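Enquirer: Data: query-v7.cif, mmCIF, C-alpha atoms.
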data_data
loop_
_atom_site.label_atom_id
_atom_site.label_comp_id
_atom_site.auth_asym_id
_atom_site.auth_seq_id
_atom_site.Cartn_x
_atom_site.Cartn_y
_atom_site.Cartn_z
CA MET Y 1 -41.36 -9.08 48.87
CA ALA Y 2 -39.63 -9.02 45.45
CA LYS Y 3 -37.14 -6.30 44.70
CA GLY Y 4 -38.01 -3.78 42.02
CA LYS Y 5 -35.79 -3.37 38.96
CA ASP Y 6 -34.19 -0.14 40.24
CA GLU Y 7 -33.39 -1.73 43.59
CA LYS Y 8 -31.84 -4.77 41.83
CA VAL Y 9 -29.66 -2.50 39.70
CA ALA Y 10 -28.59 -0.49 42.76
CA THR Y 11 -27.75 -3.72 44.60
CA ALA Y 12 -25.82 -5.10 41.61
CA ASN Y 13 -23.81 -1.89 41.35
CA ARG Y 14 -22.60 -2.06 44.95
CA GLY Y 15 -19.95 -4.22 46.57
CA ASN Y 16 -17.98 -6.78 44.61
CA LEU Y 17 -19.66 -6.03 41.31
CA ARG Y 18 -18.30 -2.49 41.45
CA ARG Y 19 -14.70 -3.57 41.69
CA VAL Y 20 -12.31 -4.27 38.85
CA ARG Y 21 -10.47 -7.54 39.20
CA ARG Y 22 -6.81 -7.81 38.32
CA PRO Y 23 -5.13 -11.10 37.48
CA LYS Y 24 -3.22 -12.57 40.40
CA ASP Y 25 -0.54 -14.10 38.17
CA LYS Y 26 0.44 -10.60 36.98
CA ASP Y 27 0.90 -9.17 40.49
CA ALA Y 28 4.69 -8.98 40.19
CA LEU Y 29 4.32 -7.04 36.93
CA PHE Y 30 1.97 -4.57 38.64
CA LEU Y 31 4.45 -4.04 41.46
CA GLN Y 32 7.40 -3.59 39.10
CA LEU Y 33 5.68 -1.06 36.85
CA ILE Y 34 4.43 0.98 39.81
CA GLN Y 35 7.77 0.85 41.64
CA ASP Y 36 9.62 1.84 38.43
CA ASN Y 37 7.25 4.84 38.16
CA VAL Y 38 6.08 3.76 34.72
CA PHE Y 39 2.46 4.03 35.92
CA GLU Y 40 1.19 6.03 38.82
CA THR Y 41 -1.73 3.76 39.77
CA TYR Y 42 -2.97 0.23 39.15
CA ALA Y 43 -5.96 1.77 37.38
CA ASP Y 44 -3.63 3.57 34.96
CA LEU Y 45 -1.81 0.31 34.24
CA MET Y 46 -5.04 -1.66 33.82
CA THR Y 47 -6.42 0.92 31.40
CA PHE Y 48 -3.23 0.96 29.35
CA ALA Y 49 -3.19 -2.84 29.31
CA ALA Y 50 -6.86 -3.07 28.30
CA THR Y 51 -6.34 -0.73 25.37
CA LEU Y 52 -3.23 -2.67 24.35
CA GLY Y 53 -5.10 -5.97 24.62
CA PHE Y 54 -7.98 -4.55 22.61
CA LEU Y 55 -5.68 -3.19 19.91
CA LYS Y 56 -3.81 -6.49 19.65
CA ASP Y 57 -7.09 -8.42 19.83
CA ARG Y 58 -5.88 -10.30 22.89
CA ARG Y 59 -8.55 -11.10 25.45
CA ASP Y 60 -7.55 -13.58 28.16
CA SER Y 61 -9.88 -14.73 30.89
CA PHE Y 62 -8.58 -15.49 34.36
CA ASP Y 63 -9.89 -17.13 37.51
CA GLN Y 64 -7.67 -15.94 40.33
CA SER Y 65 -7.74 -12.26 41.20
CA ALA Y 66 -5.38 -10.17 43.26
CA GLU Y 67 -6.90 -7.40 45.37
CA PRO Y 68 -9.47 -5.75 43.08
CA ILE Y 69 -9.60 -2.02 42.44
CA ASN Y 70 -12.66 0.03 43.34
CA TRP Y 71 -14.61 1.04 40.24
CA GLU Y 72 -14.71 4.61 41.53
CA VAL Y 73 -10.93 4.87 40.99
CA PHE Y 74 -11.47 4.26 37.26
CA SER Y 75 -14.55 6.43 37.10
CA ASN Y 76 -12.88 9.35 38.93
CA ALA Y 77 -9.83 9.09 36.66
CA GLY Y 78 -12.07 9.44 33.59
CA TYR Y 79 -11.56 5.86 32.42
CA GLU Y 80 -15.25 4.94 32.29
CA SER Y 81 -15.41 5.99 28.64
CA VAL Y 82 -12.49 3.67 27.81
CA VAL Y 83 -14.19 0.75 29.56
CA ASN Y 84 -17.44 1.53 27.74
CA ALA Y 85 -15.79 1.91 24.34
CA ILE Y 86 -13.90 -1.36 24.63
CA ALA Y 87 -16.99 -3.26 25.79
CA ALA Y 88 -19.33 -1.79 23.17
CA THR Y 89 -16.88 -2.12 20.29
CA SER Y 90 -15.75 -5.64 21.09
CA SER Y 91 -19.27 -6.94 21.70
CA GLY Y 92 -20.96 -5.00 18.91
CA ASP Y 93 -23.82 -4.55 21.37
CA LEU Y 94 -24.68 -1.03 22.47
CA GLU Y 95 -27.07 -2.45 25.07
CA ILE Y 96 -23.97 -3.43 27.06
CA LEU Y 97 -23.79 0.24 28.04
CA THR Y 98 -26.92 0.04 30.20
CA SER Y 99 -26.38 0.44 33.94
CA GLU Y 100 -27.46 -3.09 34.78
CA ARG Y 101 -24.72 -4.50 32.51
CA LEU Y 102 -21.81 -2.80 34.26
CA PRO Y 103 -20.53 -6.17 35.58
CA GLU Y 104 -20.40 -7.47 31.99
CA ARG Y 105 -18.52 -4.35 30.80
CA LEU Y 106 -16.04 -4.76 33.62
CA ALA Y 107 -15.49 -8.44 32.73
CA VAL Y 108 -14.72 -7.51 29.11
CA PHE Y 109 -12.34 -4.77 30.28
CA GLU Y 110 -10.62 -7.15 32.74
CA GLU Y 111 -10.07 -9.78 30.05
CA PHE Y 112 -8.60 -7.30 27.57
CA ALA Y 113 -6.43 -5.89 30.37
CA ASN Y 114 -5.17 -9.39 31.13
CA GLY Y 115 -4.37 -9.90 27.45
CA GLY Y 116 -2.53 -6.59 27.33
CA LEU Y 117 -0.66 -7.44 30.52
CA ALA Y 118 0.44 -10.73 28.95
CA GLU Y 119 1.77 -8.79 25.94
CA LEU Y 120 3.53 -6.36 28.26
CA GLU Y 121 4.99 -9.20 30.30
CA LYS Y 122 6.29 -10.89 27.14
CA GLU Y 123 8.02 -7.66 26.06
CA MET Y 124 9.48 -7.14 29.53
CA ARG Y 125 11.36 -10.43 29.28
CA VAL Y 126 13.47 -8.99 26.48
CA GLY Y 127 15.51 -7.15 29.10
CA THR Y 128 14.96 -3.52 28.17
CA ASN Y 129 13.86 -1.12 30.84
CA ALA Y 130 10.15 -0.96 31.64
CA LEU Y 131 9.61 2.61 30.50
CA ASP Y 132 11.23 1.88 27.13
CA VAL Y 133 9.01 -1.18 26.70
CA VAL Y 134 5.88 0.86 27.37
CA ARG Y 135 7.05 3.64 25.03
CA ASN Y 136 7.74 1.12 22.27
CA LEU Y 137 4.34 -0.50 22.74
CA MET Y 138 2.69 2.92 22.59
CA MET Y 139 4.47 3.72 19.32
CA GLU Y 140 3.52 0.30 17.93
CA ALA Y 141 -0.08 0.86 19.02
CA GLN Y 142 -0.14 4.23 17.27
CA ILE Y 143 1.12 2.65 14.06
CA LEU Y 144 -1.51 -0.11 14.29
CA ALA Y 145 -4.24 2.43 14.97
CA ASP Y 146 -3.13 4.56 12.02
CA GLU Y 147 -3.12 1.50 9.74
CA LYS Y 148 -6.63 0.58 10.83
CA LYS Y 149 -7.85 4.12 10.14
CA ALA Y 150 -6.21 4.43 6.74
CA PRO Y 151 -8.65 3.61 3.96
CA ASP Y 152 -7.62 1.07 1.36
CA ILE Y 153 -7.75 3.31 -1.72
CA GLN Y 154 -7.27 0.44 -4.17
CA LYS Y 155 -10.14 -1.52 -2.61
CA ILE Y 156 -12.39 1.53 -2.75
CA ALA Y 157 -11.47 2.05 -6.42
CA ARG Y 158 -12.21 -1.64 -7.23
CA ASP Y 159 -15.54 -1.40 -5.43
CA LEU Y 160 -16.44 1.71 -7.42
CA SER Y 161 -15.49 0.11 -10.75
CA TRP Y 162 -18.44 -1.24 -12.70
#
In structure tokens, write the structure found in this file.

Expert:
Amino acid sequence: MAKGKDEKVATANRGNLRRVRRPKDKDALFLQLIQDNVFETYADLMTFAATLGFLKDRRDSFDQSAEPINWEVFSNAGYESVVNAIAATSSGDLEILTSERLPERLAVFEEFANGGLAELEKEMRVGTNALDVVRNLMMEAQILADEKKAPDIQKIARDLSW
């Protein structure tokens, strides 16, 4: 007997599809940032990294995953809206927010997180302490976000000129 649509969605939302993968090659970075008390949880770090990757337009796929994180950890921490915003904005497709497309949203989030982790890893090589690196990246991200929000007054004036 064929499964109904609701049963398929429920099945897809259980098990492996409801876990957030983290890139295996960044495992040492995860350990360092947790041990240095820069982030409290892997979910906190992944969310920071995904927003950093999104802001810097860096989305890196990966094949090998370290132990994935249960989706409920993100959901309970209130990060579902971040995952949804990144997926919807980057894809330009609001249909990605439907329940059956959760695996696709998670894949987008994972790739932006990997890109953000790569940026973080690059900055960590400079030799400054981890907390300072994260603080500097947060300040840089705020500046980038402010620049993106600021309207180009000259362009608006040119567009209004007849």

Enquirer: Written as a list in words, what is the full residue list that the PyMOL selection byres ((chain Y and resi 93-106) around 7) yields on the file shown?

Expert: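 In the shown coordinates, the PyMOL selection byres ((chain Y and resi 93-106) around 7) covers Val9, Leu17, Val20, Val83, Asn84, Ala87, Ala88, Ser91, Gly92, Ala107, Val108, Phe109 and Glu110 of chain Y.
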
Enquirer: Can you translate the PyMOL selection byres ((chain Y and resi 21) around 7) into the concrete residues it hits in this file, as a PyMOL selection string?

Expert: chain Y and resi 19-20+22-23+65+68-69+110

Enquirer: Can you write out the residues you just picked, keeping C-alpha atoms, as an mmCIF file, keeping the file's coordinate frame?

Expert:
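Now in selection_19.cif:
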data_model
loop_
_atom_site.group_PDB
_atom_site.id
_atom_site.type_symbol
_atom_site.label_atom_id
_atom_site.label_comp_id
_atom_site.auth_asym_id
_atom_site.auth_seq_id
_atom_site.Cartn_x
_atom_site.Cartn_y
_atom_site.Cartn_z
ATOM 1 C CA ARG Y 19 -14.700 -3.570 41.690
ATOM 2 C CA VAL Y 20 -12.310 -4.270 38.850
ATOM 3 C CA ARG Y 22 -6.810 -7.810 38.320
ATOM 4 C CA PRO Y 23 -5.130 -11.100 37.480
ATOM 5 C CA SER Y 65 -7.740 -12.260 41.200
ATOM 6 C CA PRO Y 68 -9.470 -5.750 43.080
ATOM 7 C CA ILE Y 69 -9.600 -2.020 42.440
ATOM 8 C CA GLU Y 110 -10.620 -7.150 32.740
#

Enquirer: Which residue out of Y:Thr41, Y:Leu29, Y:Met138, Y:Lys24 has the minimum interatomic distance to Lys122 in chain Y when only C-alpha atoms are used?

Expert: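 Using only C-alpha atoms, the shortest distance to Lys122 in chain Y belongs to Y:Leu29.
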
Enquirer: Counting all atoms listed in the file, figure out which residue out of Y:Leu131, Y:Ala141, Y:Met124, Y:Val82 gets nearest to Ala50 in chain Y.

Expert: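 Comparing Y:Leu131, Y:Ala141, Y:Met124, Y:Val82 against Ala50 in chain Y, the winner is Y:Val82.
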
Enquirer: Using all atoms listed in the file, which residue out of Y:Val133, Y:Arg18, Y:Tyr79, Y:Ala66 lies closest to Ala43 in chain Y?

Expert: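 Closest residue, counting all atoms listed in the file: Y:Tyr79.
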
Enquirer: So what does the PyMOL selection byres ((chain Y and resi 62) around 8) actually pick up in this one, as a ChimeraX atom specification?

Expert: /Y:23,60-61,63-65,111,114

Enquirer: Measure the distance from CA of Ile34 in chain Y to CA of Gln142 in chain Y in Å and round it to one decimal.

Expert: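 Value for the CA of Ile34 in chain Y-CA of Gln142 in chain Y distance: 23.2 Å.
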
Enquirer: Just to confirm, what's the straight-line distance from CA of Leu31 in chain Y to CA of Ala130 in chain Y in Å (one decimal)?

Expert: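 Value for the CA of Leu31 in chain Y-CA of Ala130 in chain Y distance: 11.8 Å.
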
Enquirer: Please report the interatomic distance between CA of Arg135 in chain Y and CA of Leu52 in chain Y in Å with one decimal.

Expert: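 We find that CA of Arg135 in chain Y and CA of Leu52 in chain Y lie 12.1 Å from each other.
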
Enquirer: Counting all atoms listed in the file, I want the residues whose atoms come within 12 Å of (-5.3, -10.6, 21.6) in the file frame, returned as an MDAnalysis selection string.

Expert: chainID Y and resid 49:61 90 111:120

Enquirer: Go through Y:Leu33, Y:Asp27, Y:Thr89, Y:Thr128 one by one, measure the shortest atom-to-atom distance of each to Phe48 in chain Y using all atoms listed in the file, and give the residue with the smallest value.

Expert: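 Closest candidate: Y:Leu33.
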
Enquirer: Find, counting only C-alpha atoms, the residue in Y:Glu72, Y:Glu67, Y:Asp25, Y:Glu80 that gets nearest to Thr47 in chain Y.

Expert: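 Distance minimum relative to Thr47 in chain Y lands on Y:Glu80.
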
Enquirer: Please enclose the listed atoms of range 40-54 of chain Y in an axis-aligned box, pad each side by 8 Å, and write out the centre and the three edge lengths in Å, rounded to one decimal, as AutoDock Vina command-line options.

Expert:
--center_x -3.4 --center_y 0.0 --center_z 31.2 --size_x 25.2 --size_y 28.0 --size_z 33.2
